[in-house]
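S.K.: Below are the structure tokens for one structure; questions will follow.
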Amino acid sequence: MARASLLPSVIVHVVVVVAALFLRPCAAQSRAANISAVEAAVRDRAFQLLRGAGQLVDVPLPANLSGAGVQASALRVRSNALWADGVSAAAGSSGVVFAIPPRVVPAPFARRVAIVFERFAGDGGATLFAAPRGYALAAPVVGLLAFDASAGHDARVSLRALGAPVRVEFKNLSTAAAGTEFNASTARCVTFAASGEVAATHAVASGPACAVTGTGHFGVAVRVPETPPAASASMVRARWWAWTVGVGAGGVLGASVLGLAVAGAVCWSRRRRREEMERRAMAGEELGRMTVRGSTMPSAKVMRTRPETVESPSWR
């Protein structure tokens with residue numbers, strides 16, 4: 001009865017593992033679709049506001065995005081001004097500052113560039129972006145996007161720094177991660193891929209700040225101490241039962257293989273004996289058989305000549 005009661009728990013564990021393996025790609029695809037939808041909404045609203053060159057403006061977003069903690073601001077700048085002066089702008093009201101230094105050019109080249117700054121706070125960042133294993137996000141994830149303002153909404157460009165790199169300065173990191181004190185020596189700057197997965201990590205610079213390349217989404221993660229979960233008595237019994245079943249199945253399989261091997265050897269021996277008897281029987285028909293004092297031995301057939309009467313000469 002105890003083993004029967006443990007069987008459902010083992011099945012549940014197997015189902016959970018298989019589901020995790022198959023659902024992980026689906027979760028990544030879902031995050032990528034959500035991130036793409038957010039970027040499209042922010043881009044469309046930003047292009048509606050950036051009709052002419054001007055200063056940094058806040059981008060109002062739909063209620064479903066603003067309620068999830070997504071904030072955005074945008075700026076339209078000429079490429080020659082971007083090359084000569086650079087841009088310094090804050091992403092939302094969180095104190096995250098993008099410092100784009102001089103000697104930065106759009107790639108491919110565009111005469112006017114629309115730069116969009118995003119901020120994902122609260123559940124929005126935790127849902128769309130996955131922290132590295134063993135780490136937790138210590139600040140809202142921010143995004144830096146750039147578009148060719150003259151070519152349309154879909155003309156996305158990158159920002160290539162030919163001098164100093166672009167810096168993303170994060171503030172208030174000590175209180176961003178609940179229950180975790182910020183430690184710059186163990187913290188990591190994280191660059192996220194379009195799917196929300198971690199693409200690259202590197203050390204945090206003084207400031208604290210992260211030096212980034214091109215455009216994309218960036219964040220800061222701190223190491224979280226891992227406490228190994230204590231194995232419960234039911235889990236121990238389930239593992240012991242699974243190990244016992246595995247050993248028993250292996251023993252049955254080994255005995256089956258051994259039995260098949262013995263049966264095959266016996267059949268082969270009988271077949272060889274039958275073939276030998278048939279060979280001997282064929283040899284006996286050719287040579288003949290004779291019994292001498294209870295022993296049977298082969299014998300060849302002999303044809304005897306008939307006696308003939310020889311007339312002897314008469315002696316006189």
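Residue numbers start at 1 in each chain; chains themselves are named A, B, ... in the order of the structure tokens; ligands are numbered from 1 in the order shown.
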Show me, as CSV, the residues of stretch 136-187 of chain A having an atom within 12 Å of stretch 74-87 of chain A, each with the closest atom pair and its distance in Å, using only C-alpha atoms.

M.R.:
residue,atom,partner,partner_atom,distance
A:Gly143,CA,A:Ala74,CA,11.4
A:Leu144,CA,A:Ala74,CA,9.9
A:Leu145,CA,A:Ala74,CA,9.3
A:Ala146,CA,A:Ala74,CA,9.5
A:Phe147,CA,A:Arg76,CA,9.4
A:Asp148,CA,A:Arg76,CA,9.7
A:Ala149,CA,A:Arg76,CA,7.5
A:Ser150,CA,A:Arg76,CA,10.6
A:Val157,CA,A:Ser79,CA,11.9
A:Leu159,CA,A:Leu82,CA,10.0
A:Arg160,CA,A:Trp83,CA,10.3
A:Ala161,CA,A:Trp83,CA,9.3
A:Leu162,CA,A:Trp83,CA,9.5
A:Gly163,CA,A:Trp83,CA,10.2
A:Ala164,CA,A:Gly86,CA,10.8
A:Pro165,CA,A:Gly86,CA,11.2
A:Val166,CA,A:Gly86,CA,9.7
A:Arg167,CA,A:Val87,CA,10.8
A:Val168,CA,A:Val87,CA,11.9

S.K.: Which residues come within 9 Å of stretch 38-55 of chain A, counting only C-alpha atoms, excluding same-chain residues fewer than 2 positions away, as number ranges by chain?

M.R.: A: 33-36, 57-62, 65, 70-78, 112, 114, 116, 118, 145, 147, 149, 152-154

S.K.: Report the residues of stretch 50-241 of chain A whose backbone DSSP state falls under strand (DSSP E or B), written as a VMD selection string.

M.R.: chain A and resid 57 to 58 70 to 78 87 to 91 96 to 100 104 to 107 112 to 120 135 to 137 141 to 148 156 to 161 166 to 169 188 to 192 198 to 203 205 209 to 212 216 to 223

S.K.: Could you give me the residues within stretch 112-207 of chain A that DSSP places in helix (DSSP H, G or I), as a PyMOL selection string?

M.R.: chain A and resi 123-128+173-175

S.K.: Restrict the selected residues to C-alpha atoms and save them as an mmCIF file, in the first residue's frame.

M.R.:
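Below is the file result_9.cif, written as the result:
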data_model
loop_
_atom_site.group_PDB
_atom_site.id
_atom_site.type_symbol
_atom_site.label_atom_id
_atom_site.label_comp_id
_atom_site.auth_asym_id
_atom_site.auth_seq_id
_atom_site.Cartn_x
_atom_site.Cartn_y
_atom_site.Cartn_z
ATOM 1 C CA ASP A 123 5.863 43.101 -12.605
ATOM 2 C CA GLY A 124 6.497 44.306 -16.153
ATOM 3 C CA GLY A 125 10.246 43.794 -15.921
ATOM 4 C CA ALA A 126 10.055 40.539 -13.940
ATOM 5 C CA THR A 127 7.562 39.046 -16.385
ATOM 6 C CA LEU A 128 9.264 39.999 -19.639
ATOM 7 C CA LEU A 173 20.361 50.055 -6.407
ATOM 8 C CA SER A 174 20.824 49.365 -2.680
ATOM 9 C CA THR A 175 17.051 49.228 -2.112
#
